[in-house]
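What follows is a short report on a single structure.
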Amino acid sequence: MAVTRTFSIIKPDATRRNLTGAVTKMLEDGGLRVVASKRIQMRKEQAEGFYGVHKERPFFNDLVAFMTSGPVVVQVLEGEDAVARNREIMGATNPADAAEGTIRKTFAESIEANSAHGSDSDENAKIEIDFFFTADEIVG
Ligand code: CMP
């Protein structure tokens, strides 16, 4: 398996509860390395653009409102098969379905306030990394 990169967001429900370190520790303990990280306040247009694939979904407006409701921490993570590894560490989107010991089972408040986002493919990881980071902000 190759060393690859994925994109992660620590969501507003987690930053609000001061869980940035706790979430990052689970990612690091799971074998991923944080090679870029910044805390930002997402603007509405940014959240709409980032989640553009979900534009037609009934939860889109609520999702954009939530993701702009407080600071988030955007990160680039590197490791063996990083996309799949990160998704294992995060657990299922709905915390009710997430396995014990995962970020979402441990911290998520709901399917919307689910503490973390992670890319779902290598192709989307590249798109999502490029959406928030320039090459010189990523130091492996
Ligand atoms: P995320 O990985 O950030 O990608 C889209 C987000 O939409 C997802 O995590 C959830 O937090 C959020 N969401 C809210 N409602 C739903 C829903 N009914 N089904 C899927 N995702 C939802």
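Identifiers in the structure tokens: chain A, B, ... in order shown; residue index from 1 per chain; ligand index from 1 in order shown.
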Give me, as CSV, each residue of chain A that comes within 8 Å of ligand 1, together with its shortest interatomic pair and the distance in Å at one decimal, counting only C-alpha atoms and all ligand atoms, with rows ordered by chain and rising residue number.
```
residue,atom,partner,partner_atom_place_in_ligand_line,distance
A:Ile9,CA,ligand 1,3 (O),7.7
A:Tyr51,CA,ligand 1,5 (C),6.9
A:His54,CA,ligand 1,5 (C),7.2
A:Pro58,CA,ligand 1,18 (N),7.8
A:Phe59,CA,ligand 1,15 (N),5.2
A:Phe60,CA,ligand 1,7 (O),7.3
A:Asp62,CA,ligand 1,14 (C),7.6
A:Leu63,CA,ligand 1,7 (O),5.9
A:Thr93,CA,ligand 1,9 (O),5.7
A:Asn94,CA,ligand 1,20 (C),7.4
A:Ser110,CA,ligand 1,11 (O),7.8
A:Ile111,CA,ligand 1,11 (O),5.1
A:Glu112,CA,ligand 1,11 (O),3.8
A:Ala113,CA,ligand 1,11 (O),5.9
A:Asn114,CA,ligand 1,11 (O),5.4
A:Ser115,CA,ligand 1,11 (O),7.9
A:Ala116,CA,ligand 1,3 (O),6.6
A:His117,CA,ligand 1,2 (O),4.2
A:Gly118,CA,ligand 1,2 (O),5.7
A:Ser119,CA,ligand 1,2 (O),7.2
```
> range 5-132 of chain A: which residues are strand (DSSP E) by DSSP, as number ranges by chain?
Replying inline: A: 5-10, 33-40, 72-80, 116-118
Include C-alpha atoms and write out the residues we just selected as a PDB file, in the first residue's frame.
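What follows is the written file part-v6.pdb:
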```
ATOM      1  CA  ARG A   5      -2.851  12.092   1.474  1.00  0.00           C
ATOM      2  CA  THR A   6      -6.386  12.902   2.502  1.00  0.00           C
ATOM      3  CA  PHE A   7      -8.263  15.993   3.605  1.00  0.00           C
ATOM      4  CA  SER A   8      -9.921  16.370   7.002  1.00  0.00           C
ATOM      5  CA  ILE A   9     -12.089  18.957   8.749  1.00  0.00           C
ATOM      6  CA  ILE A  10     -12.553  19.157  12.502  1.00  0.00           C
ATOM      7  CA  ARG A  33       0.524  12.424  10.135  1.00  0.00           C
ATOM      8  CA  VAL A  34      -0.758  16.021  10.071  1.00  0.00           C
ATOM      9  CA  VAL A  35       1.244  17.637   7.237  1.00  0.00           C
ATOM     10  CA  ALA A  36      -0.872  20.820   7.100  1.00  0.00           C
ATOM     11  CA  SER A  37      -3.338  22.384   9.530  1.00  0.00           C
ATOM     12  CA  LYS A  38      -5.122  25.708   9.964  1.00  0.00           C
ATOM     13  CA  ARG A  39      -8.050  26.982  11.996  1.00  0.00           C
ATOM     14  CA  ILE A  40     -10.433  29.039   9.875  1.00  0.00           C
ATOM     15  CA  VAL A  72     -13.164  24.628  11.845  1.00  0.00           C
ATOM     16  CA  VAL A  73      -9.699  23.109  11.555  1.00  0.00           C
ATOM     17  CA  VAL A  74      -8.800  22.005   8.029  1.00  0.00           C
ATOM     18  CA  GLN A  75      -5.982  19.481   7.762  1.00  0.00           C
ATOM     19  CA  VAL A  76      -4.011  17.439   5.269  1.00  0.00           C
ATOM     20  CA  LEU A  77      -3.257  13.961   6.604  1.00  0.00           C
ATOM     21  CA  GLU A  78      -0.611  11.624   5.242  1.00  0.00           C
ATOM     22  CA  GLY A  79      -0.148   7.894   5.739  1.00  0.00           C
ATOM     23  CA  GLU A  80      -0.556   4.416   4.292  1.00  0.00           C
ATOM     24  CA  ALA A 116     -15.122  15.340  11.473  1.00  0.00           C
ATOM     25  CA  HIS A 117     -15.136  15.261   7.684  1.00  0.00           C
ATOM     26  CA  GLY A 118     -12.828  13.106   5.581  1.00  0.00           C
TER      27      GLY A 118
END
```
> Got a sec to tell me which of chain A DSSP assigns to helix (DSSP H, G or I), as JSON, numbers by chain?
Replying inline: {"A": [12, 13, 14, 15, 16, 20, 21, 22, 23, 24, 25, 26, 27, 28, 29, 44, 45, 46, 47, 48, 49, 50, 52, 53, 54, 60, 61, 62, 63, 64, 65, 66, 67, 82, 83, 84, 85, 86, 87, 88, 89, 90, 95, 96, 97, 103, 104, 105, 106, 107, 122, 123, 124, 125, 126, 127, 128, 129, 130, 131, 132, 135, 136, 137]}
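Using only C-alpha atoms, the smallest distance between any of A:Arg85, A:Val23, A:Ala98, A:Phe132 and Gln41 in chain A comes from A:Phe132.
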>> Between CA of Pro71 in chain A and CA of Met42 in chain A, what distance in Å does the model show, to one decimal?
In response: 7.1 Å
